[in-house]
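Asks: Structure supplied as start.csv; contents: CSV, N, CA and C atoms.
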chain,number,residue,atom,x,y,z
A,187,MET,N,-70.0,-6.7,4.9
A,187,MET,CA,-68.9,-5.9,4.5
A,187,MET,C,-67.6,-6.6,4.9
A,188,LYS,N,-66.6,-6.5,4.0
A,188,LYS,CA,-65.3,-7.2,4.3
A,188,LYS,C,-64.6,-6.4,5.3
A,189,LYS,N,-63.8,-7.2,6.1
A,189,LYS,CA,-63.0,-6.6,7.2
A,189,LYS,C,-62.0,-5.5,6.6
A,190,GLU,N,-61.4,-5.8,5.5
A,190,GLU,CA,-60.4,-4.9,4.9
A,190,GLU,C,-61.1,-3.5,4.6
A,191,SER,N,-62.4,-3.6,4.2
A,191,SER,CA,-63.0,-2.3,3.8
A,191,SER,C,-63.3,-1.4,5.0
A,192,LEU,N,-63.1,-1.9,6.2
A,192,LEU,CA,-63.3,-1.1,7.4
A,192,LEU,C,-62.0,-0.4,7.9
A,193,MET,N,-60.9,-0.9,7.3
A,193,MET,CA,-59.6,-0.4,7.7
A,193,MET,C,-59.3,1.0,7.0
A,194,ILE,N,-58.4,1.7,7.6
A,194,ILE,CA,-57.9,2.9,7.0
A,194,ILE,C,-56.4,2.8,6.9
A,195,THR,N,-55.9,3.2,5.7
A,195,THR,CA,-54.4,3.1,5.5
A,195,THR,C,-53.8,4.5,5.9
A,196,PRO,N,-52.5,4.4,6.1
A,196,PRO,CA,-51.8,5.7,6.4
A,196,PRO,C,-52.0,6.8,5.3
A,197,GLU,N,-52.0,6.3,4.1
A,197,GLU,CA,-52.2,7.2,2.9
A,197,GLU,C,-53.6,7.8,2.9
A,198,GLN,N,-54.6,7.0,3.3
A,198,GLN,CA,-56.0,7.5,3.3
A,198,GLN,C,-56.1,8.5,4.5
A,199,CYS,N,-55.4,8.3,5.6
A,199,CYS,CA,-55.5,9.2,6.7
A,199,CYS,C,-54.9,10.5,6.3
A,200,ARG,N,-53.7,10.5,5.7
A,200,ARG,CA,-53.1,11.8,5.3
A,200,ARG,C,-53.9,12.5,4.3
A,201,ALA,N,-54.5,11.8,3.3
A,201,ALA,CA,-55.3,12.4,2.3
A,201,ALA,C,-56.6,13.0,2.9
A,202,ALA,N,-57.2,12.3,3.8
A,202,ALA,CA,-58.4,12.8,4.4
A,202,ALA,C,-58.2,14.1,5.2
A,203,ARG,N,-57.1,14.1,6.0
A,203,ARG,CA,-56.7,15.3,6.7
A,203,ARG,C,-56.5,16.5,5.8
A,204,ALA,N,-55.9,16.2,4.6
A,204,ALA,CA,-55.6,17.3,3.7
A,204,ALA,C,-56.9,17.8,3.1
A,205,LEU,N,-57.9,16.9,2.8
A,205,LEU,CA,-59.2,17.4,2.3
A,205,LEU,C,-59.9,18.3,3.4
A,206,LEU,N,-59.7,17.9,4.6
A,206,LEU,CA,-60.4,18.7,5.7
A,206,LEU,C,-59.6,19.9,6.2
A,207,ASP,N,-58.3,20.0,5.7
A,207,ASP,CA,-57.4,21.0,6.1
A,207,ASP,C,-57.1,20.9,7.6
A,208,TRP,N,-56.9,19.6,8.1
A,208,TRP,CA,-56.7,19.4,9.5
A,208,TRP,C,-55.2,19.0,9.6
A,209,THR,N,-54.6,19.4,10.8
A,209,THR,CA,-53.3,19.0,11.1
A,209,THR,C,-53.4,17.6,11.9
A,210,GLN,N,-52.3,17.0,12.1
A,210,GLN,CA,-52.3,15.8,12.9
A,210,GLN,C,-52.8,16.1,14.3
A,211,GLY,N,-52.5,17.3,14.8
A,211,GLY,CA,-53.0,17.7,16.1
A,211,GLY,C,-54.6,17.9,16.1
A,212,ASP,N,-55.1,18.4,15.0
A,212,ASP,CA,-56.6,18.5,14.9
A,212,ASP,C,-57.2,17.2,15.0
A,213,LEU,N,-56.7,16.2,14.2
A,213,LEU,CA,-57.2,14.9,14.2
A,213,LEU,C,-57.1,14.2,15.6
A,214,ALA,N,-55.9,14.5,16.2
A,214,ALA,CA,-55.7,13.9,17.6
A,214,ALA,C,-56.8,14.4,18.5
A,215,GLU,N,-57.0,15.7,18.5
A,215,GLU,CA,-58.0,16.4,19.4
A,215,GLU,C,-59.4,15.8,19.2
A,216,ARG,N,-59.8,15.6,17.9
A,216,ARG,CA,-61.1,15.1,17.6
A,216,ARG,C,-61.3,13.6,17.9
A,217,SER,N,-60.2,12.9,17.7
A,217,SER,CA,-60.3,11.4,17.9
A,217,SER,C,-60.0,11.0,19.3
A,218,LEU,N,-59.4,11.9,20.0
A,218,LEU,CA,-58.9,11.6,21.4
A,218,LEU,C,-57.7,10.6,21.4
A,219,LEU,N,-57.0,10.5,20.3
A,219,LEU,CA,-55.8,9.7,20.2
A,219,LEU,C,-54.6,10.7,20.3
A,220,SER,N,-53.5,10.2,20.5
A,220,SER,CA,-52.3,11.2,20.6
A,220,SER,C,-51.8,11.5,19.2
A,221,ALA,N,-51.3,12.7,19.2
A,221,ALA,CA,-50.7,13.2,17.9
A,221,ALA,C,-49.5,12.3,17.6
A,222,VAL,N,-48.8,11.9,18.6
A,222,VAL,CA,-47.6,11.0,18.4
A,222,VAL,C,-48.1,9.7,17.7
A,223,SER,N,-49.2,9.1,18.1
A,223,SER,CA,-49.7,7.9,17.5
A,223,SER,C,-50.1,8.1,16.1
A,224,ILE,N,-50.8,9.2,15.8
A,224,ILE,CA,-51.2,9.5,14.5
A,224,ILE,C,-50.0,9.7,13.6
A,225,ARG,N,-49.0,10.5,14.0
A,225,ARG,CA,-47.8,10.7,13.3
A,225,ARG,C,-47.1,9.4,12.9
A,226,ALA,N,-47.0,8.5,13.9
A,226,ALA,CA,-46.3,7.2,13.7
A,226,ALA,C,-47.1,6.4,12.7
A,227,PHE,N,-48.4,6.4,12.8
A,227,PHE,CA,-49.3,5.6,11.9
A,227,PHE,C,-49.1,6.1,10.5
A,228,GLU,N,-49.2,7.4,10.3
A,228,GLU,CA,-49.1,8.0,9.0
A,228,GLU,C,-47.7,7.8,8.3
A,229,LYS,N,-46.7,7.5,9.1
A,229,LYS,CA,-45.4,7.2,8.6
A,229,LYS,C,-45.3,5.7,8.3
A,230,GLY,N,-46.3,4.9,8.6
A,230,GLY,CA,-46.3,3.5,8.3
A,230,GLY,C,-46.2,2.6,9.5
A,231,GLY,N,-46.3,3.2,10.7
A,231,GLY,CA,-46.2,2.4,11.9
A,231,GLY,C,-47.5,1.6,12.2
A,232,ASP,N,-47.4,0.7,13.1
A,232,ASP,CA,-48.5,-0.1,13.5
A,232,ASP,C,-49.5,0.7,14.3
A,233,MET,N,-50.8,0.4,14.2
A,233,MET,CA,-51.8,0.9,15.1
A,233,MET,C,-52.8,-0.1,15.3
A,234,ARG,N,-53.3,-0.2,16.6
A,234,ARG,CA,-54.3,-1.2,16.9
A,234,ARG,C,-55.6,-1.0,16.0
A,235,GLU,N,-56.2,-2.1,15.7
A,235,GLU,CA,-57.4,-2.0,14.8
A,235,GLU,C,-58.5,-1.1,15.4
A,236,SER,N,-58.6,-1.2,16.7
A,236,SER,CA,-59.7,-0.3,17.4
A,236,SER,C,-59.4,1.2,17.2
A,237,ASN,N,-58.1,1.5,17.2
A,237,ASN,CA,-57.7,2.9,17.0
A,237,ASN,C,-57.9,3.3,15.5
A,238,ARG,N,-57.6,2.4,14.6
A,238,ARG,CA,-57.8,2.7,13.2
A,238,ARG,C,-59.3,2.9,12.9
A,239,ARG,N,-60.1,2.1,13.5
A,239,ARG,CA,-61.6,2.3,13.4
A,239,ARG,C,-62.0,3.6,13.9
A,240,LEU,N,-61.4,4.0,15.0
A,240,LEU,CA,-61.7,5.3,15.6
A,240,LEU,C,-61.3,6.5,14.7
A,241,LEU,N,-60.1,6.4,14.1
A,241,LEU,CA,-59.7,7.4,13.1
A,241,LEU,C,-60.7,7.5,12.0
A,242,ARG,N,-61.1,6.3,11.5
A,242,ARG,CA,-62.0,6.3,10.3
A,242,ARG,C,-63.3,6.9,10.7
A,243,MET,N,-63.9,6.5,11.9
A,243,MET,CA,-65.2,7.1,12.3
A,243,MET,C,-65.1,8.6,12.5
A,244,THR,N,-64.0,9.1,13.0
A,244,THR,CA,-63.8,10.5,13.2
A,244,THR,C,-63.8,11.2,11.9
A,245,LEU,N,-63.1,10.7,11.0
A,245,LEU,CA,-63.0,11.4,9.6
A,245,LEU,C,-64.3,11.3,8.9
A,246,GLU,N,-65.0,10.1,9.0
A,246,GLU,CA,-66.3,10.0,8.3
A,246,GLU,C,-67.3,11.0,8.9
A,247,SER,N,-67.2,11.2,10.2
A,247,SER,CA,-68.2,12.1,10.8
A,247,SER,C,-67.9,13.6,10.4
A,248,ALA,N,-66.7,13.8,9.9
A,248,ALA,CA,-66.3,15.2,9.4
A,248,ALA,C,-66.6,15.3,7.9
A,249,GLY,N,-67.1,14.3,7.3
A,249,GLY,CA,-67.5,14.4,5.9
A,249,GLY,C,-66.6,13.6,4.9
A,250,ILE,N,-65.7,12.8,5.4
A,250,ILE,CA,-64.9,12.0,4.5
A,250,ILE,C,-65.6,10.7,4.1
A,251,VAL,N,-65.5,10.3,2.8
A,251,VAL,CA,-66.0,9.1,2.4
A,251,VAL,C,-64.8,8.2,1.9
A,252,PHE,N,-64.7,7.0,2.4
A,252,PHE,CA,-63.6,6.1,2.1
A,252,PHE,C,-64.0,5.3,0.9
A,253,ILE,N,-63.1,5.2,-0.1
A,253,ILE,CA,-63.3,4.5,-1.3
A,253,ILE,C,-62.4,3.2,-1.2
A,254,ASP,N,-63.1,2.1,-1.3
A,254,ASP,CA,-62.4,0.8,-1.2
A,254,ASP,C,-61.6,0.5,-2.5
A,255,GLU,N,-60.7,-0.4,-2.3
A,255,GLU,CA,-59.9,-0.8,-3.4
A,255,GLU,C,-60.8,-1.4,-4.5
A,256,ASN,N,-60.6,-0.9,-5.7
A,256,ASN,CA,-61.5,-1.3,-6.8
A,256,ASN,C,-60.7,-1.5,-8.1
A,257,GLY,N,-59.5,-1.8,-7.9
A,257,GLY,CA,-58.6,-2.0,-9.1
A,257,GLY,C,-57.8,-0.7,-9.4
A,258,GLY,N,-58.3,0.4,-8.9
A,258,GLY,CA,-57.6,1.7,-9.1
A,258,GLY,C,-57.0,2.2,-7.8
A,259,GLY,N,-57.1,1.4,-6.7
A,259,GLY,CA,-56.5,1.8,-5.5
A,259,GLY,C,-57.5,2.4,-4.5
A,260,ALA,N,-57.3,2.2,-3.2
A,260,ALA,CA,-58.2,2.8,-2.2
A,260,ALA,C,-58.0,4.3,-2.2
A,261,GLY,N,-59.0,5.0,-1.7
A,261,GLY,CA,-58.8,6.5,-1.6
A,261,GLY,C,-59.9,7.1,-0.7
A,262,VAL,N,-60.0,8.4,-0.8
A,262,VAL,CA,-60.9,9.2,0.0
A,262,VAL,C,-61.5,10.3,-0.8
A,263,ARG,N,-62.6,10.8,-0.4
A,263,ARG,CA,-63.2,12.0,-1.1
A,263,ARG,C,-64.1,12.7,0.0
A,264,LEU,N,-64.5,13.9,-0.3
A,264,LEU,CA,-65.4,14.6,0.6
A,264,LEU,C,-66.8,14.2,0.2
A,265,ALA,N,-67.7,14.0,1.2
A,265,ALA,CA,-69.1,13.7,0.9
A,265,ALA,C,-69.7,14.9,0.2
A,266,LYS,N,-70.7,14.6,-0.6
A,266,LYS,CA,-71.4,15.6,-1.3
A,266,LYS,C,-72.3,16.3,-0.2
A,267,PRO,N,-72.3,17.6,-0.1
A,267,PRO,CA,-73.1,18.3,0.9
A,267,PRO,C,-74.6,18.0,0.7
A,268,LYS,N,-75.3,17.9,1.8
A,268,LYS,CA,-76.7,17.6,1.7
A,268,LYS,C,-77.4,18.9,1.4
A,269,VAL,N,-78.4,18.8,0.5
A,269,VAL,CA,-79.2,20.0,0.1
A,269,VAL,C,-80.5,19.9,0.7
A,270,ASP,N,-80.9,20.9,1.4
A,270,ASP,CA,-82.3,20.9,2.0
A,270,ASP,C,-83.4,21.2,1.1
Using structure tokens, write down the structure from this file.

Replies:
Amino acid sequence: MKKESLMITPEQCRAARALLDWTQGDLAERSLLSAVSIRAFEKGGDMRESNRRLLRMTLESAGIVFIDENGGGAGVRLAKPKVD
């Protein structure tokens, strides 16, 4: 897997939160990062790679699927619910 495909962009972070109906505070609580760090990142600020991975893992565990750049731009969607 390419290194870029493991990263999360500020746009993906905002979109993922919107799909989950989470505030920045909700994401901060679940990821154990500060809301200030998340706010700064979503506005285009720098964030350590390890914290970006943590954000991505937190959102993925909540049902977000990250869509890699494929000519149409990177994005996010909700995972299809599992049917028993």

Asks: Find the distance between CA of Ser217 (chain A) and atom N of Met243 (chain A) and write it in Å to one decimal.

Replies: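 Between CA of Ser217 (chain A) and atom N of Met243 (chain A) the gap works out to 8.5 Å.
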
Asks: Would you mind telling me which residue in A:Val262, A:Arg239, A:Met193, A:Asp232 lies nearest to Leu206 (chain A) when using only C-alpha atoms?

Replies: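 Checking each candidate against Leu206 (chain A), we get A:Val262 as the closest.
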
Asks: Within 8 Å of Ala248 (chain A), counting only N, CA and C atoms, which residues qualify if same-chain residues fewer than 3 places away don't, as an mmCIF file with N, CA and C atoms, in the coordinates of the input?

Replies:
data_model
loop_
_atom_site.group_PDB
_atom_site.id
_atom_site.type_symbol
_atom_site.label_atom_id
_atom_site.label_comp_id
_atom_site.auth_asym_id
_atom_site.auth_seq_id
_atom_site.Cartn_x
_atom_site.Cartn_y
_atom_site.Cartn_z
ATOM 1 N N LEU A 206 -59.700 17.900 4.600
ATOM 2 C CA LEU A 206 -60.400 18.700 5.700
ATOM 3 C C LEU A 206 -59.600 19.900 6.200
ATOM 4 N N ARG A 242 -61.100 6.300 11.500
ATOM 5 C CA ARG A 242 -62.000 6.300 10.300
ATOM 6 C C ARG A 242 -63.300 6.900 10.700
ATOM 7 N N MET A 243 -63.900 6.500 11.900
ATOM 8 C CA MET A 243 -65.200 7.100 12.300
ATOM 9 C C MET A 243 -65.100 8.600 12.500
ATOM 10 N N THR A 244 -64.000 9.100 13.000
ATOM 11 C CA THR A 244 -63.800 10.500 13.200
ATOM 12 C C THR A 244 -63.800 11.200 11.900
ATOM 13 N N LEU A 245 -63.100 10.700 11.000
ATOM 14 C CA LEU A 245 -63.000 11.400 9.600
ATOM 15 C C LEU A 245 -64.300 11.300 8.900
ATOM 16 N N VAL A 251 -65.500 10.300 2.800
ATOM 17 C CA VAL A 251 -66.000 9.100 2.400
ATOM 18 C C VAL A 251 -64.800 8.200 1.900
ATOM 19 N N LEU A 264 -64.500 13.900 -0.300
ATOM 20 C CA LEU A 264 -65.400 14.600 0.600
ATOM 21 C C LEU A 264 -66.800 14.200 0.200
ATOM 22 N N ALA A 265 -67.700 14.000 1.200
ATOM 23 C CA ALA A 265 -69.100 13.700 0.900
ATOM 24 C C ALA A 265 -69.700 14.900 0.200
#

Asks: Apply DSSP to the backbone of this structure and, from chain A, keep only the residues in strand (DSSP E); write these as a PyMOL selection string.

Replies: chain A and resi 250-253+261-264

Asks: Which one is closest to Leu205 (chain A): A:Glu246, A:Phe227, A:Arg263, A:Ser236? Count only C-alpha atoms.

Replies: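 Among the listed residues, A:Arg263 lies closest to Leu205 (chain A).
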
Asks: Rounded to one decimal place, report the atom N of Lys266 (chain A)-CA of Ala202 (chain A) distance in Å.

Replies: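 The value is 13.4 Å.
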
Asks: Record the distance separating CA of Ile194 (chain A) and CA of Arg238 (chain A), expressed in Å with one decimal.

Replies: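 CA of Ile194 (chain A) sits 6.2 Å away from CA of Arg238 (chain A).
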
Asks: Using all atoms listed in the file, which protein or nucleic acid residues come within 8 Å of Gly230 (chain A)? Drop anything in the same chain fewer than 5 positions from it, and give the result as a PyMOL selection string.

Replies: chain A and resi 195-197+224-225

Asks: Which residue out of A:Cys199, A:Gly259, A:Gly249, A:Asp254 has the minimum interatomic distance to Leu213 (chain A) when only C-alpha atoms are used?

Replies: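 Ranking A:Cys199, A:Gly259, A:Gly249, A:Asp254 by distance to Leu213 (chain A), first place goes to A:Cys199.
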
Asks: Write out as a PyMOL selection string each polymer residue whose atoms come within 8 Å of Ser220 (chain A), counting all atoms listed in the file; drop sequence neighbours fewer than 6 positions from it.

Replies: chain A and resi 210-211+213-214+226
